[in-house]
Amino acid sequence: GRDSVEYLRRNIMPFDVPNLETLGFPPDQDPEPLLSPRHRRIQRREQVQMIPHEDERQSMQLPDGLSDGIVNRTVHLALQTKVDYAWADSVPRHIFFEYILNYACANEARTNWRPLFAVAVQRIIAAAGVDVDPTRVEDIVALISKEIWSALSPDPTKPIHFVAGQTPLIFDPMSVVAYGYASCTGMSIALVFALRAAGIPARLVGTPAWNGNPDLGNHNWVEAWTSSDEEATGQWRILEGGGDSLEKDPCERWFCNSGRFDGKTRVYATRLDRSLPMAYPLAWDKKNLDVPGEDRTSWYTEMCNKC
């Protein structure tokens with residue numbers, strides 16, 4: 001668990017630094033002090049040792065009205081997926097840290113979404129029973145993508161649904177649940193977190209401007225990581241909210257065509273690794289370059305140009 005806390009602390013996004021203690025990290029210096037890499041490692045080790053284990057937290061008598069932030073609950077529930085779901089236990093460590101343990105996608109509000117989402121996906125999977133093959137992550141992803149919107153809705157007869165033009169007003173997961181709707185960014189972030197709560201690596205992907213023209217709009221969707229062999233050499237696959245499937249032909253997706261991918265459309269995936277030089281461009285916050293990103297343009301252009 002301490003390695004997990006250290007990873008999150010080391011890769012915290014710069015705009016979250018003022019809220020270190022609120023998030024549940026111990027109060028300390030800036031995450032990038034002017035120290036050598038060796039001394040930074042020593043310092044981080046000392047910082048992580050200050051954080052009690054989850055069971056110790058449960059027995060602590062905190063002052064009335066105070067809690068301990070989201071970090072320890074995040075770590076505990078992320079690690080629990082390795083116990084609850086066989087597929088999560090086989091995910092490589094670096095993929096697990098960045099795409100399951102990670103409590104963030106972009107610059108959405110940092111909220112305690114994981115306990116709520118964990119219970120929801122547990123119920124979805126349990127209710128499916130023998131109707132879903134637990135050895136096929138693709139089936140689990142399709143199940144969650146279909147059912148999570150009713151499972152999270154305060155009124156199951158009114159599933160969470162798409163409403164255009166909501167970002168950044170409604171795009172963090174708790175706002176999506178509370179209001180019962182979101183546009184593509186909020187719906188995608190909610191689906192990313194639902195998959196992570198089930199121990200399935202997932203990330204936010206999108207373009208800040210179709211054909212390089214902001215007047216044509218932006219779009220966000222999801223990539224989920226699945227492994228195809230015992231060596232766990234996996235691949236990222238496309239997914240959208242509302243009962244989608246990883247096995248859907250990319251050319252059947254409304255945005256995957258030569259008209260959208262004319263050589264000018266850029267596509268990026270969100271990351272957490274702060275050592276990366278690239279930022280994920282936020283269409284709703286253009287000057288914010290603090291979300292790490294990965295350029296996926298070539299992959300999408302090559303694939304969608306054939307459609």
# chains A, B, ... in the order shown; residues from 1 in each chain; ligands from 1
>>> select_by_dssp(residues="segment 70-263 of chain A", states="helix (DSSP H, G or I)", output="PDB file with C-alpha atoms, in the first residue's frame")
ATOM      1  CA  VAL A  71      -5.935   8.804  -0.618  1.00  0.00           C
ATOM      2  CA  ASN A  72      -6.098   5.918   1.838  1.00  0.00           C
ATOM      3  CA  ARG A  73      -9.573   4.860   0.722  1.00  0.00           C
ATOM      4  CA  THR A  74      -8.393   5.068  -2.869  1.00  0.00           C
ATOM      5  CA  VAL A  75      -5.422   2.790  -2.199  1.00  0.00           C
ATOM      6  CA  HIS A  76      -7.428   0.327  -0.096  1.00  0.00           C
ATOM      7  CA  LEU A  77     -10.226  -0.095  -2.637  1.00  0.00           C
ATOM      8  CA  ALA A  78      -7.872  -0.213  -5.626  1.00  0.00           C
ATOM      9  CA  LEU A  79      -5.852  -3.011  -4.019  1.00  0.00           C
ATOM     10  CA  GLN A  80      -9.089  -4.773  -3.054  1.00  0.00           C
ATOM     11  CA  THR A  81      -9.911  -5.225  -6.748  1.00  0.00           C
ATOM     12  CA  LYS A  82      -6.949  -7.621  -6.944  1.00  0.00           C
ATOM     13  CA  VAL A  83      -8.677  -9.766  -4.330  1.00  0.00           C
ATOM     14  CA  ASP A  84     -12.188  -9.489  -5.736  1.00  0.00           C
ATOM     15  CA  ALA A  86      -9.150 -12.277 -11.108  1.00  0.00           C
ATOM     16  CA  TRP A  87      -8.526 -10.015 -14.081  1.00  0.00           C
ATOM     17  CA  ALA A  88      -7.265  -7.189 -11.872  1.00  0.00           C
ATOM     18  CA  ASP A  89      -4.637  -9.382 -10.234  1.00  0.00           C
ATOM     19  CA  ARG A  93       2.142  -3.061 -11.934  1.00  0.00           C
ATOM     20  CA  HIS A  94       2.776   0.069 -14.008  1.00  0.00           C
ATOM     21  CA  ILE A  95      -0.628  -0.211 -15.699  1.00  0.00           C
ATOM     22  CA  PHE A  96      -2.338  -0.825 -12.357  1.00  0.00           C
ATOM     23  CA  PHE A  97      -0.764   2.253 -10.773  1.00  0.00           C
ATOM     24  CA  GLU A  98      -1.598   4.671 -13.566  1.00  0.00           C
ATOM     25  CA  TYR A  99      -4.988   3.408 -14.727  1.00  0.00           C
ATOM     26  CA  ILE A 100      -6.654   1.675 -11.753  1.00  0.00           C
ATOM     27  CA  LEU A 101      -5.118   3.224  -8.637  1.00  0.00           C
ATOM     28  CA  TRP A 113     -16.134   8.623  -5.831  1.00  0.00           C
ATOM     29  CA  ARG A 114     -14.471   5.234  -5.438  1.00  0.00           C
ATOM     30  CA  PRO A 115     -16.532   3.715  -2.564  1.00  0.00           C
ATOM     31  CA  LEU A 116     -19.776   4.587  -4.346  1.00  0.00           C
ATOM     32  CA  PHE A 117     -18.597   3.255  -7.688  1.00  0.00           C
ATOM     33  CA  ALA A 118     -17.056   0.121  -6.133  1.00  0.00           C
ATOM     34  CA  VAL A 119     -20.383  -0.881  -4.558  1.00  0.00           C
ATOM     35  CA  ALA A 120     -22.216  -0.183  -7.821  1.00  0.00           C
ATOM     36  CA  VAL A 121     -19.965  -2.380  -9.965  1.00  0.00           C
ATOM     37  CA  GLN A 122     -19.958  -5.155  -7.352  1.00  0.00           C
ATOM     38  CA  ARG A 123     -23.746  -5.273  -7.501  1.00  0.00           C
ATOM     39  CA  ILE A 124     -23.767  -5.186 -11.295  1.00  0.00           C
ATOM     40  CA  ILE A 125     -21.339  -8.084 -11.585  1.00  0.00           C
ATOM     41  CA  ALA A 126     -23.051 -10.103  -8.848  1.00  0.00           C
ATOM     42  CA  ALA A 127     -26.478  -9.608 -10.436  1.00  0.00           C
ATOM     43  CA  ALA A 128     -25.211 -10.843 -13.798  1.00  0.00           C
ATOM     44  CA  GLY A 129     -24.122 -14.146 -12.245  1.00  0.00           C
ATOM     45  CA  VAL A 130     -23.673 -16.938 -14.769  1.00  0.00           C
ATOM     46  CA  ASP A 131     -24.842 -14.691 -17.598  1.00  0.00           C
ATOM     47  CA  VAL A 137     -12.839  -8.837 -19.471  1.00  0.00           C
ATOM     48  CA  GLU A 138     -14.606  -7.705 -22.641  1.00  0.00           C
ATOM     49  CA  ASP A 139     -17.872  -9.102 -21.247  1.00  0.00           C
ATOM     50  CA  ILE A 140     -17.367  -7.346 -17.908  1.00  0.00           C
ATOM     51  CA  VAL A 141     -16.652  -4.040 -19.661  1.00  0.00           C
ATOM     52  CA  ALA A 142     -19.784  -4.360 -21.819  1.00  0.00           C
ATOM     53  CA  LEU A 143     -21.852  -5.181 -18.726  1.00  0.00           C
ATOM     54  CA  ILE A 144     -20.588  -2.182 -16.755  1.00  0.00           C
ATOM     55  CA  SER A 145     -20.940   0.148 -19.748  1.00  0.00           C
ATOM     56  CA  LYS A 146     -24.595  -0.882 -20.048  1.00  0.00           C
ATOM     57  CA  GLU A 147     -25.658  -1.027 -16.393  1.00  0.00           C
ATOM     58  CA  ILE A 148     -23.632   1.610 -14.537  1.00  0.00           C
ATOM     59  CA  TRP A 149     -25.937   4.474 -15.545  1.00  0.00           C
ATOM     60  CA  SER A 150     -28.950   2.967 -13.786  1.00  0.00           C
ATOM     61  CA  ALA A 151     -26.861   1.610 -10.912  1.00  0.00           C
ATOM     62  CA  LEU A 152     -25.502   5.067 -10.034  1.00  0.00           C
ATOM     63  CA  PRO A 173     -18.229  11.968 -11.229  1.00  0.00           C
ATOM     64  CA  MET A 174     -20.219  13.067  -8.182  1.00  0.00           C
ATOM     65  CA  SER A 175     -21.835  15.925 -10.105  1.00  0.00           C
ATOM     66  CA  VAL A 176     -22.725  13.513 -12.904  1.00  0.00           C
ATOM     67  CA  VAL A 177     -24.425  11.238 -10.360  1.00  0.00           C
ATOM     68  CA  ALA A 178     -26.163  14.112  -8.553  1.00  0.00           C
ATOM     69  CA  TYR A 179     -27.547  15.781 -11.681  1.00  0.00           C
ATOM     70  CA  CYS A 184     -19.261  13.441 -23.431  1.00  0.00           C
ATOM     71  CA  THR A 185     -16.493  14.434 -21.002  1.00  0.00           C
ATOM     72  CA  GLY A 186     -18.506  13.815 -17.842  1.00  0.00           C
ATOM     73  CA  MET A 187     -19.999  10.579 -19.173  1.00  0.00           C
ATOM     74  CA  SER A 188     -16.552   9.364 -20.192  1.00  0.00           C
ATOM     75  CA  ILE A 189     -14.940  10.215 -16.846  1.00  0.00           C
ATOM     76  CA  ALA A 190     -17.745   8.413 -15.013  1.00  0.00           C
ATOM     77  CA  LEU A 191     -17.228   5.317 -17.163  1.00  0.00           C
ATOM     78  CA  VAL A 192     -13.449   5.450 -16.655  1.00  0.00           C
ATOM     79  CA  PHE A 193     -13.958   5.481 -12.892  1.00  0.00           C
ATOM     80  CA  ALA A 194     -16.537   2.678 -13.011  1.00  0.00           C
ATOM     81  CA  LEU A 195     -14.055   0.473 -14.864  1.00  0.00           C
ATOM     82  CA  ARG A 196     -11.246   1.369 -12.470  1.00  0.00           C
ATOM     83  CA  ALA A 197     -13.529   0.497  -9.548  1.00  0.00           C
ATOM     84  CA  TRP A 210     -12.138  18.213 -34.842  1.00  0.00           C
ATOM     85  CA  ASN A 211     -10.030  18.835 -37.958  1.00  0.00           C
ATOM     86  CA  GLY A 212      -7.968  21.255 -35.896  1.00  0.00           C
ATOM     87  CA  PRO A 214     -12.322  24.625 -32.417  1.00  0.00           C
ATOM     88  CA  ASP A 215     -15.508  25.804 -34.133  1.00  0.00           C
ATOM     89  CA  LEU A 216     -16.197  22.153 -35.071  1.00  0.00           C
ATOM     90  CA  PRO A 250     -14.141   1.066 -34.857  1.00  0.00           C
ATOM     91  CA  CYS A 251     -15.574   1.967 -38.255  1.00  0.00           C
ATOM     92  CA  GLU A 252     -19.080   1.701 -36.781  1.00  0.00           C
TER      93      GLU A 252
END
>>> residues_around(residues="Ser183 of chain A", least_positions_apart="3", cutoff="7 Å", atoms="only C-alpha atoms", output="PyMOL selection string")
chain A and resi 162-167+186-187
>>> residues_around(residues="Asn288 of chain A", least_positions_apart="5", cutoff="12 Å", atoms="only C-alpha atoms", output="MDAnalysis selection string")
chainID A and resid 13:15 106:107 279:283
>>> write_last_selection(atoms="all heavy atoms", output="compact mmCIF listing (two decimals), in the first residue's frame")
# COMPACT_ATOMS: atom_id res chain seq x y z
N MET A 13 -0.83 16.12 -9.70
CA MET A 13 -0.87 17.21 -10.67
C MET A 13 -0.62 18.53 -9.95
O MET A 13 -1.07 18.73 -8.82
CB MET A 13 -2.21 17.20 -11.40
CG MET A 13 -2.42 15.95 -12.24
SD MET A 13 -3.98 15.97 -13.17
CE MET A 13 -4.08 14.24 -13.66
N PRO A 14 0.12 19.45 -10.59
CA PRO A 14 0.53 20.69 -9.91
C PRO A 14 -0.59 21.48 -9.27
O PRO A 14 -0.42 22.06 -8.19
CB PRO A 14 1.22 21.47 -11.03
CG PRO A 14 1.76 20.41 -11.94
CD PRO A 14 0.73 19.32 -11.93
N PHE A 15 -1.77 21.53 -9.92
CA PHE A 15 -2.85 22.33 -9.35
C PHE A 15 -3.46 21.68 -8.11
O PHE A 15 -4.25 22.30 -7.40
CB PHE A 15 -3.95 22.62 -10.39
CG PHE A 15 -4.40 21.42 -11.18
CD1 PHE A 15 -5.22 20.46 -10.62
CD2 PHE A 15 -3.99 21.26 -12.50
CE1 PHE A 15 -5.63 19.37 -11.36
CE2 PHE A 15 -4.40 20.17 -13.25
CZ PHE A 15 -5.23 19.21 -12.67
N ALA A 106 -8.64 14.21 -15.41
CA ALA A 106 -8.13 15.50 -15.87
C ALA A 106 -8.13 16.46 -14.69
O ALA A 106 -7.54 16.17 -13.66
CB ALA A 106 -8.96 16.00 -17.04
N ASN A 107 -8.81 17.59 -14.83
CA ASN A 107 -8.85 18.56 -13.73
C ASN A 107 -10.24 18.63 -13.09
O ASN A 107 -10.63 19.64 -12.52
CB ASN A 107 -8.42 19.95 -14.21
CG ASN A 107 -9.38 20.56 -15.21
OD1 ASN A 107 -10.12 19.85 -15.91
ND2 ASN A 107 -9.38 21.89 -15.31
N ALA A 279 1.41 17.39 -22.47
CA ALA A 279 0.21 17.68 -21.69
C ALA A 279 -1.02 17.24 -22.46
O ALA A 279 -1.02 17.19 -23.69
CB ALA A 279 0.13 19.18 -21.39
N TYR A 280 -2.07 16.92 -21.71
CA TYR A 280 -3.36 16.60 -22.31
C TYR A 280 -4.11 17.92 -22.50
O TYR A 280 -4.42 18.61 -21.52
CB TYR A 280 -4.16 15.68 -21.39
CG TYR A 280 -5.50 15.27 -21.95
CD1 TYR A 280 -5.60 14.20 -22.82
CD2 TYR A 280 -6.67 15.95 -21.60
CE1 TYR A 280 -6.83 13.81 -23.33
CE2 TYR A 280 -7.89 15.58 -22.11
CZ TYR A 280 -7.98 14.50 -22.97
OH TYR A 280 -9.19 14.12 -23.47
N PRO A 281 -4.42 18.31 -23.73
CA PRO A 281 -5.07 19.61 -23.95
C PRO A 281 -6.53 19.58 -23.50
O PRO A 281 -7.30 18.73 -23.92
CB PRO A 281 -4.96 19.81 -25.47
CG PRO A 281 -4.63 18.50 -26.05
CD PRO A 281 -4.11 17.61 -24.99
N LEU A 282 -6.88 20.51 -22.62
CA LEU A 282 -8.23 20.60 -22.10
C LEU A 282 -9.02 21.63 -22.93
O LEU A 282 -8.70 22.82 -22.89
CB LEU A 282 -8.21 21.02 -20.63
CG LEU A 282 -7.36 20.14 -19.69
CD1 LEU A 282 -7.32 20.76 -18.30
CD2 LEU A 282 -7.91 18.72 -19.65
N ALA A 283 -10.00 21.20 -23.67
CA ALA A 283 -10.76 22.11 -24.52
C ALA A 283 -11.47 23.18 -23.70
O ALA A 283 -11.74 24.27 -24.20
CB ALA A 283 -11.78 21.32 -25.35
>>> residues_around(residues="Ile12 of chain A", least_positions_apart="4", cutoff="8 Å", atoms="only C-alpha atoms", output="VMD selection string")
chain A and resid 8 16 to 17 31 272 274
>>> closest_residue(among="A:Asp133, A:Glu21, A:Glu108, A:Glu302", to="Trp284 of chain A", atoms="only C-alpha atoms")
A:Glu108
>>> atom_distance(atom1="atom CA of Pro27 of chain A", atom2="atom CA of Gly1 of chain A")
18.8 Å
>>> residues_around(residues="Lys248 of chain A", least_positions_apart="5", cutoff="10 Å", atoms="only C-alpha atoms", output="ChimeraX atom specification")
/A:237-239,253
>>> atom_distance(atom1="atom CA of Asp273 of chain A", atom2="atom CA of Val5 of chain A")
14.0 Å
>>> atom_distance(atom1="atom CA of Lys287 of chain A", atom2="atom CA of Asn102 of chain A")
23.3 Å
>>> select_by_dssp(residues="segment 78-302 of chain A", states="strand (DSSP E)", output="ChimeraX atom specification")
/A:161-162,181-182,202-207,219-227,234-239,268-270,293-295
>>> decode(residues="segment 257-278 of chain A", atoms="N, CA, C and O atoms", output="JSON list (two decimals), in the first residue's frame")
[["chain", "number", "residue", "atom", "x", "y", "z"],
["A", 257, "ASN", "N", -13.86, 8.05, -39.02],
["A", 257, "ASN", "CA", -13.97, 8.06, -40.48],
["A", 257, "ASN", "C", -12.95, 9.05, -41.04],
["A", 257, "ASN", "O", -12.36, 9.85, -40.31],
["A", 258, "SER", "N", -12.73, 8.98, -42.34],
["A", 258, "SER", "CA", -11.70, 9.81, -42.97],
["A", 258, "SER", "C", -12.06, 11.29, -42.93],
["A", 258, "SER", "O", -11.17, 12.15, -42.99],
["A", 259, "GLY", "N", -13.34, 11.60, -42.84],
["A", 259, "GLY", "CA", -13.73, 13.00, -42.76],
["A", 259, "GLY", "C", -13.30, 13.64, -41.45],
["A", 259, "GLY", "O", -12.85, 14.80, -41.43],
["A", 260, "ARG", "N", -13.44, 12.92, -40.36],
["A", 260, "ARG", "CA", -13.02, 13.43, -39.05],
["A", 260, "ARG", "C", -11.51, 13.40, -38.91],
["A", 260, "ARG", "O", -10.90, 14.28, -38.30],
["A", 261, "PHE", "N", -10.89, 12.35, -39.47],
["A", 261, "PHE", "CA", -9.44, 12.20, -39.34],
["A", 261, "PHE", "C", -8.78, 12.48, -40.69],
["A", 261, "PHE", "O", -8.39, 11.59, -41.44],
["A", 262, "ASP", "N", -8.69, 13.77, -40.95],
["A", 262, "ASP", "CA", -8.17, 14.25, -42.23],
["A", 262, "ASP", "C", -6.70, 14.64, -42.16],
["A", 262, "ASP", "O", -6.17, 15.24, -43.09],
["A", 263, "GLY", "N", -6.04, 14.29, -41.05],
["A", 263, "GLY", "CA", -4.65, 14.68, -40.86],
["A", 263, "GLY", "C", -4.49, 15.88, -39.96],
["A", 263, "GLY", "O", -3.39, 16.19, -39.51],
["A", 264, "LYS", "N", -5.61, 16.58, -39.67],
["A", 264, "LYS", "CA", -5.55, 17.76, -38.82],
["A", 264, "LYS", "C", -6.10, 17.51, -37.41],
["A", 264, "LYS", "O", -5.84, 18.28, -36.50],
["A", 265, "THR", "N", -6.87, 16.45, -37.25],
["A", 265, "THR", "CA", -7.43, 16.12, -35.93],
["A", 265, "THR", "C", -6.37, 15.47, -35.06],
["A", 265, "THR", "O", -5.73, 14.50, -35.47],
["A", 266, "ARG", "N", -6.16, 16.03, -33.89],
["A", 266, "ARG", "CA", -5.21, 15.48, -32.92],
["A", 266, "ARG", "C", -5.98, 14.77, -31.80],
["A", 266, "ARG", "O", -7.01, 15.25, -31.34],
["A", 267, "VAL", "N", -5.45, 13.63, -31.37],
["A", 267, "VAL", "CA", -6.08, 12.84, -30.31],
["A", 267, "VAL", "C", -5.07, 12.59, -29.21],
["A", 267, "VAL", "O", -3.90, 12.28, -29.48],
["A", 268, "TYR", "N", -5.52, 12.72, -27.96],
["A", 268, "TYR", "CA", -4.64, 12.53, -26.81],
["A", 268, "TYR", "C", -5.33, 11.68, -25.76],
["A", 268, "TYR", "O", -6.57, 11.65, -25.67],
["A", 269, "ALA", "N", -4.52, 10.99, -24.97],
["A", 269, "ALA", "CA", -5.02, 10.23, -23.83],
["A", 269, "ALA", "C", -4.45, 10.83, -22.55],
["A", 269, "ALA", "O", -3.31, 11.31, -22.54],
["A", 270, "THR", "N", -5.25, 10.82, -21.48],
["A", 270, "THR", "CA", -4.76, 11.33, -20.20],
["A", 270, "THR", "C", -3.81, 10.32, -19.56],
["A", 270, "THR", "O", -3.98, 9.11, -19.67],
["A", 271, "ARG", "N", -2.82, 10.84, -18.89],
["A", 271, "ARG", "CA", -1.86, 10.05, -18.13],
["A", 271, "ARG", "C", -1.76, 10.62, -16.72],
["A", 271, "ARG", "O", -2.39, 11.63, -16.39],
["A", 272, "LEU", "N", -0.94, 9.97, -15.88],
["A", 272, "LEU", "CA", -0.65, 10.51, -14.56],
["A", 272, "LEU", "C", 0.85, 10.70, -14.35],
["A", 272, "LEU", "O", 1.27, 11.48, -13.50],
["A", 273, "ASP", "N", 1.64, 10.03, -15.14],
["A", 273, "ASP", "CA", 3.10, 10.06, -15.03],
["A", 273, "ASP", "C", 3.62, 11.47, -15.33],
["A", 273, "ASP", "O", 3.63, 11.91, -16.47],
["A", 274, "ARG", "N", 4.09, 12.17, -14.31],
["A", 274, "ARG", "CA", 4.52, 13.55, -14.49],
["A", 274, "ARG", "C", 5.89, 13.68, -15.14],
["A", 274, "ARG", "O", 6.34, 14.79, -15.43],
["A", 275, "SER", "N", 6.56, 12.56, -15.37],
["A", 275, "SER", "CA", 7.85, 12.64, -16.06],
["A", 275, "SER", "C", 7.66, 12.83, -17.57],
["A", 275, "SER", "O", 8.62, 13.13, -18.28],
["A", 276, "LEU", "N", 6.45, 12.68, -18.06],
["A", 276, "LEU", "CA", 6.18, 12.82, -19.48],
["A", 276, "LEU", "C", 6.21, 14.29, -19.89],
["A", 276, "LEU", "O", 5.74, 15.16, -19.15],
["A", 277, "PRO", "N", 6.75, 14.59, -21.06],
["A", 277, "PRO", "CA", 6.86, 15.99, -21.48],
["A", 277, "PRO", "C", 5.57, 16.56, -22.05],
["A", 277, "PRO", "O", 5.44, 17.78, -22.20],
["A", 278, "MET", "N", 4.61, 15.72, -22.39],
["A", 278, "MET", "CA", 3.41, 16.17, -23.09],
["A", 278, "MET", "C", 2.26, 16.43, -22.12],
["A", 278, "MET", "O", 2.14, 15.76, -21.10]]
